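Undergrad: So here's entry_12.txt, just compact mmCIF, C-alpha atoms and all ligand atoms:
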# COMPACT_ATOMS: atom_id res chain seq x y z
CA MET A 1 -0.12 21.57 -2.82
CA ASP A 2 1.50 24.12 -0.57
CA ILE A 3 3.92 22.30 1.73
CA ASN A 4 3.37 25.13 4.24
CA VAL A 5 -0.28 24.04 4.50
CA VAL A 6 0.85 20.50 5.33
CA ASN A 7 3.43 21.76 7.83
CA ALA A 8 0.77 23.83 9.58
CA LEU A 9 -1.60 20.85 10.05
CA THR A 10 -2.35 19.61 13.55
CA TYR A 11 -1.32 15.99 13.98
CA GLU A 12 -5.02 15.06 13.99
CA ASP A 13 -5.53 16.64 10.55
CA PHE A 14 -2.19 15.31 9.27
CA VAL A 15 -3.18 11.75 10.22
CA LYS A 16 -6.69 12.28 8.82
CA LEU A 17 -5.18 13.36 5.49
CA PHE A 18 -2.22 10.96 5.24
CA GLY A 19 -3.26 8.13 7.59
CA ASN A 20 -3.95 5.61 4.82
CA VAL A 21 -1.02 6.21 2.47
CA ILE A 22 0.19 2.91 3.84
CA GLU A 23 -2.90 0.71 3.90
CA LYS A 24 -4.47 0.62 7.39
CA CYS A 25 -1.24 1.82 9.02
CA PRO A 26 -2.06 5.33 10.36
CA LEU A 27 0.70 4.84 12.94
CA ILE A 28 3.27 5.62 10.26
CA SER A 29 1.83 9.06 9.45
CA ALA A 30 1.25 9.72 13.15
CA ALA A 31 4.95 8.99 13.73
CA ILE A 32 6.44 11.03 10.89
CA TRP A 33 4.38 14.12 11.80
CA SER A 34 7.14 14.73 14.38
CA HIS A 35 9.59 15.38 11.55
CA ARG A 36 7.81 18.48 10.25
CA PRO A 37 8.47 20.96 8.77
CA PHE A 38 8.81 18.94 5.57
CA LYS A 39 10.77 20.42 2.69
CA ASP A 40 8.40 18.96 0.08
CA LEU A 41 6.40 15.86 -0.84
CA ALA A 42 9.57 13.86 -1.47
CA ASP A 43 10.66 14.65 2.09
CA ILE A 44 7.40 13.22 3.49
CA GLU A 45 7.94 10.11 1.35
CA ALA A 46 11.56 9.81 2.55
CA HIS A 47 10.47 9.85 6.21
CA ILE A 48 7.84 7.17 5.55
CA THR A 49 10.41 5.01 3.78
CA GLU A 50 12.90 5.54 6.62
CA PHE A 51 10.26 4.50 9.18
CA ILE A 52 9.43 1.32 7.25
CA HIS A 53 13.08 0.36 6.72
CA SER A 54 13.78 0.86 10.42
CA LEU A 55 11.22 -1.85 11.30
CA PRO A 56 12.26 -5.41 12.13
CA ASP A 57 11.17 -8.12 9.67
CA SER A 58 8.10 -8.78 11.85
CA GLY A 59 7.09 -5.13 11.51
CA LYS A 60 7.46 -5.18 7.75
CA GLU A 61 5.39 -8.37 7.59
CA GLY A 62 2.82 -6.63 9.80
CA ILE A 63 2.47 -3.88 7.20
CA LEU A 64 1.98 -6.50 4.49
CA ARG A 65 -0.70 -8.25 6.58
CA CYS A 66 -2.69 -4.99 6.68
CA HIS A 67 -3.22 -5.21 2.93
CA PRO A 68 -6.42 -6.76 1.58
CA ASP A 69 -6.06 -9.57 -0.93
CA LEU A 70 -6.49 -8.61 -4.56
CA ALA A 71 -9.99 -9.76 -5.61
CA GLY A 72 -10.35 -11.16 -2.11
CA ARG A 73 -12.92 -11.21 0.69
CA ASP A 74 -12.89 -7.46 1.32
CA LEU A 75 -13.54 -6.69 -2.32
CA GLN A 76 -16.37 -9.24 -2.45
CA SER A 77 -17.97 -7.83 0.71
CA GLY A 78 -17.47 -4.17 -0.25
CA THR A 79 -15.30 -3.47 2.80
CA LEU A 80 -12.17 -2.23 1.01
CA THR A 81 -10.85 1.22 1.90
CA ARG A 82 -11.66 3.87 -0.70
CA GLU A 83 -8.08 3.82 -1.96
CA SER A 84 -7.92 0.04 -2.28
CA GLN A 85 -11.32 -0.08 -3.98
CA GLU A 86 -10.14 2.42 -6.61
CA GLU A 87 -6.80 0.65 -7.10
CA GLN A 88 -8.24 -2.85 -7.36
CA SER A 89 -11.01 -1.71 -9.67
CA GLN A 90 -8.54 0.07 -11.94
CA ALA A 91 -6.44 -3.15 -12.17
CA GLY A 92 -9.49 -5.10 -13.34
CA MET A 93 -10.05 -7.00 -10.09
CA THR A 94 -13.75 -6.13 -10.05
CA THR A 95 -14.45 -7.65 -13.47
CA LEU A 96 -12.82 -11.08 -13.18
CA ASP A 97 -14.79 -14.00 -14.57
CA THR A 98 -15.33 -17.11 -12.42
CA ALA A 99 -12.20 -18.88 -13.62
CA GLU A 100 -10.03 -15.76 -13.09
CA GLY A 101 -11.48 -15.21 -9.62
CA LEU A 102 -10.77 -18.82 -8.71
CA GLN A 103 -7.21 -18.51 -10.05
CA MET A 104 -6.59 -15.39 -7.93
CA TYR A 105 -8.04 -17.10 -4.86
CA ARG A 106 -5.86 -20.17 -5.40
CA LEU A 107 -2.66 -18.21 -6.05
CA ASN A 108 -3.28 -15.82 -3.13
CA SER A 109 -3.92 -18.78 -0.81
CA GLU A 110 -0.80 -20.62 -1.99
CA TYR A 111 1.30 -17.46 -1.59
CA LYS A 112 -0.08 -16.74 1.95
CA GLU A 113 0.44 -20.35 2.98
CA HIS A 114 4.03 -20.22 1.74
CA PHE A 115 5.15 -16.82 3.09
CA GLY A 116 2.81 -16.11 6.01
CA PHE A 117 1.84 -12.70 4.58
CA PRO A 118 -0.34 -11.71 1.62
CA PHE A 119 0.80 -11.01 -1.91
CA VAL A 120 1.10 -7.22 -2.35
CA ILE A 121 1.59 -5.40 -5.62
CA CYS A 122 0.94 -1.80 -6.71
CA ALA A 123 -2.32 -2.46 -8.56
CA ARG A 124 -2.35 0.93 -10.31
CA LEU A 125 0.82 -0.03 -12.19
CA ASN A 126 -0.38 -3.46 -13.27
CA ASN A 127 -3.26 -5.09 -15.14
CA LYS A 128 -4.76 -8.46 -14.24
CA ALA A 129 -2.38 -10.39 -16.52
CA ASP A 130 0.64 -8.69 -14.89
CA ILE A 131 -0.75 -9.48 -11.45
CA VAL A 132 -1.25 -13.19 -12.17
CA ARG A 133 2.21 -13.42 -13.74
CA GLN A 134 3.89 -11.63 -10.82
CA LEU A 135 2.00 -13.74 -8.27
CA SER A 136 3.16 -16.94 -9.98
CA GLU A 137 6.76 -15.75 -10.40
CA ARG A 138 7.23 -14.23 -6.95
CA LEU A 139 5.99 -17.44 -5.31
CA LYS A 140 9.42 -18.85 -6.20
CA ASN A 141 11.33 -16.20 -4.22
CA ASP A 142 12.90 -16.94 -0.86
CA ARG A 143 11.11 -15.32 2.07
CA ALA A 144 13.60 -12.52 2.76
CA ALA A 145 13.79 -11.48 -0.89
CA GLU A 146 10.01 -11.61 -1.26
CA ARG A 147 9.47 -9.56 1.90
CA GLU A 148 11.69 -6.81 0.49
CA ARG A 149 10.03 -7.04 -2.92
CA ALA A 150 6.57 -6.70 -1.35
CA ILE A 151 7.69 -3.69 0.73
CA GLU A 152 8.91 -2.05 -2.49
CA GLU A 153 5.35 -2.47 -3.83
CA VAL A 154 3.94 -0.94 -0.63
CA LYS A 155 6.20 2.08 -1.22
CA LYS A 156 4.92 2.44 -4.80
CA ILE A 157 1.31 2.34 -3.55
CA CYS A 158 2.23 4.95 -0.93
CA SER A 159 3.90 7.21 -3.50
CA LEU A 160 0.82 7.21 -5.75
CA ARG A 161 -1.55 7.76 -2.80
CA LEU A 162 0.57 10.69 -1.57
CA ARG A 163 0.46 12.27 -5.03
CA ASN A 164 -3.31 11.77 -5.16
CA ILE A 165 -3.70 13.66 -1.89
CA VAL A 166 -1.45 16.57 -2.73
CA LEU A 167 -2.86 16.95 -6.24
CA SER A 168 -6.35 17.33 -4.85
CA ASP A 169 -7.38 20.36 -2.82
CA ILE A 170 -6.28 19.61 0.71
CA GLN A 171 -9.06 21.72 2.22
CA THR A 172 -11.78 19.45 0.78
CA LYS A 173 -10.20 16.48 2.55
CA LEU A 174 -10.35 17.88 6.07
N1 LIG B 1 -2.75 -7.19 -1.91
C1 LIG B 1 -2.62 -6.03 -2.60
O1 LIG B 1 -1.67 -5.85 -3.37
N2 LIG B 1 -3.60 -5.08 -2.41
C2 LIG B 1 -3.56 -3.87 -3.05
N3 LIG B 1 -2.65 -3.36 -3.87
C3 LIG B 1 -3.05 -2.10 -4.26
O2 LIG B 1 -2.47 -1.35 -5.03
N4 LIG B 1 -4.24 -1.81 -3.67
C4 LIG B 1 -4.61 -2.89 -2.91
O3 LIG B 1 -5.64 -3.07 -2.21
In structure tokens, write the structure found in this file.

TA:
Amino acid sequence: MDINVVNALTYEDFVKLFGNVIEKCPLISAAIWSHRPFKDLADIEAHITEFIHSLPDSGKEGILRCHPDLAGRDLQSGTLTRESQEEQSQAGMTTLDTAEGLQMYRLNSEYKEHFGFPFVICARLNNKADIVRQLSERLKNDRAAERERAIEEVKKICSLRLRNIVLSDIQTKL
């Protein structure tokens, strides 16, 4: 990907291309467009990270609440974003048996009830066994630690989505 192509994008095209690198939070890409010209992909990522870290706890929790549950309602109803559909499918969330689906529903509900935001993990870097183990383990965290942990996962998802975009031909995305 030629960073000069990215730097030459109008903000409409920039947001169209990068608007979902943080799930359902196009505001973040709309905001960091102001920081162009970007040196490279890492620079774009650094500005996104800086934006997220500058948010108050309520803002970080807002980002988490924009994420669909793993194997949840959106997956069942086919309303996941393209990125989430690919990620969840790759992590085995679309081929759970009844018992596994029930376990994910129960753990997700317990986690949401406890923290007030959904469990978020970078699905591309985990299989279903990892996800169940992490969900069970992270339930024991205190809220502040778990919020930070979940935001780290959001940043991993963002990093992989950014790479996906820049590795594909930008022109076909606009
Ligand atoms: N709750 C989640 O962790 N959701 C997701 N993680 C991903 O990597 N893709 C998702 O949709």

Undergrad: Just the number, please: distance in Å from atom CA of A:Leu96 to atom N3 of ligand LIG 1 (chain B), one decimal.

TA: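 Distance between the two atoms: 15.8 Å.
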
Undergrad: Go through A:Arg106, A:His67, A:Lys140, A:Arg36 one by one, measure the shortest atom-to-atom distance of each to ligand LIG 1 (chain B) using all atoms listed in the file, and give the residue with the smallest value.

TA: A:His67

Undergrad: So how far away is atom CA of A:Gln88 from atom CA of A:Glu12, in Å?

TA: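 Value for the atom CA of A:Glu12-atom CA of A:Gln88 distance: 28.1 Å.
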
Undergrad: May I ask for the distance between atom CA of A:Cys122 and atom CA of A:Ile32, given in Å to one decimal place?

TA: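 Computed distance, atom CA of A:Cys122 to atom CA of A:Ile32, equals 22.5 Å.
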
Undergrad: Closest to A:Lys112 among A:Lys155, A:Arg143, A:Lys16, A:Lys60, using all atoms listed in the file?

TA: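 That would be A:Arg143, the residue with the smallest distance to A:Lys112.
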
Undergrad: Show me, as JSON lines, the residues of chain A having an atom within 6 Å of ligand LIG 1 (chain B), each with the closest atom pair and its distance in Å, using only C-alpha atoms and all ligand atoms.

TA:
{"residue": "A:His67", "atom": "CA", "partner": "B:LIG1", "partner_atom": "N1", "distance": 5.3}
{"residue": "A:Pro68", "atom": "CA", "partner": "B:LIG1", "partner_atom": "N1", "distance": 5.1}
{"residue": "A:Asp69", "atom": "CA", "partner": "B:LIG1", "partner_atom": "N1", "distance": 4.2}
{"residue": "A:Leu70", "atom": "CA", "partner": "B:LIG1", "partner_atom": "N1", "distance": 4.8}
{"residue": "A:Ser84", "atom": "CA", "partner": "B:LIG1", "partner_atom": "O3", "distance": 3.9}
{"residue": "A:Glu87", "atom": "CA", "partner": "B:LIG1", "partner_atom": "N4", "distance": 4.9}
{"residue": "A:Gln88", "atom": "CA", "partner": "B:LIG1", "partner_atom": "N4", "distance": 5.5}
{"residue": "A:Phe119", "atom": "CA", "partner": "B:LIG1", "partner_atom": "N1", "distance": 5.2}
{"residue": "A:Val120", "atom": "CA", "partner": "B:LIG1", "partner_atom": "O1", "distance": 3.3}
{"residue": "A:Ile121", "atom": "CA", "partner": "B:LIG1", "partner_atom": "O1", "distance": 4.0}
{"residue": "A:Cys122", "atom": "CA", "partner": "B:LIG1", "partner_atom": "O2", "distance": 3.8}
{"residue": "A:Ala123", "atom": "CA", "partner": "B:LIG1", "partner_atom": "O2", "distance": 3.7}
{"residue": "A:Arg124", "atom": "CA", "partner": "B:LIG1", "partner_atom": "O2", "distance": 5.8}
{"residue": "A:Ile157", "atom": "CA", "partner": "B:LIG1", "partner_atom": "O2", "distance": 5.5}

Undergrad: Give me, as a short mmCIF file (atom, residue, chain, number, x, y, z; two decimals) with C-alpha atoms, in the coordinates of the input, all polymer residues having an atom no more than 9 Å from A:Glu61, counting only C-alpha atoms and skipping those fewer than 2 positions away in the same chain.

TA:
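File result-v8.cif, as written:
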data_model
loop_
_atom_site.label_atom_id
_atom_site.label_comp_id
_atom_site.auth_asym_id
_atom_site.auth_seq_id
_atom_site.Cartn_x
_atom_site.Cartn_y
_atom_site.Cartn_z
CA PRO A 56 12.26 -5.41 12.13
CA ASP A 57 11.17 -8.12 9.67
CA SER A 58 8.10 -8.78 11.85
CA GLY A 59 7.09 -5.13 11.51
CA ILE A 63 2.47 -3.88 7.20
CA LEU A 64 1.98 -6.50 4.49
CA ARG A 65 -0.70 -8.25 6.58
CA CYS A 66 -2.69 -4.99 6.68
CA GLY A 116 2.81 -16.11 6.01
CA PHE A 117 1.84 -12.70 4.58
CA PRO A 118 -0.34 -11.71 1.62
CA ARG A 147 9.47 -9.56 1.90
CA ILE A 151 7.69 -3.69 0.73
#

Undergrad: So which one's closest to A:Glu113, A:Asp97, A:Leu17, A:Leu139, A:Glu83? Using all atoms listed in the file, please.

TA: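 For A:Glu113, the nearest of the given residues is A:Leu139.
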
Undergrad: Quick one: everything within 8 Å of A:Leu135, counting all atoms listed in the file, minus sequence neighbours fewer than 6 positions away in the same chain. Send it as number ranges by chain.

TA: A: 107-108, 111, 119

Undergrad: Which one of A:Leu162, A:Leu125, A:Met93, A:Ile22 sits closest to A:Asp74 if you count only C-alpha atoms?

TA: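 Closest to A:Asp74 of all the choices is A:Met93.
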
Undergrad: Pick from A:Ser168, A:Ser136, A:Ser54, A:Ser159: nearest to A:Glu110, with all atoms listed in the file counted?

TA: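 Answer, going by the shortest atom-to-atom distance: A:Ser136.
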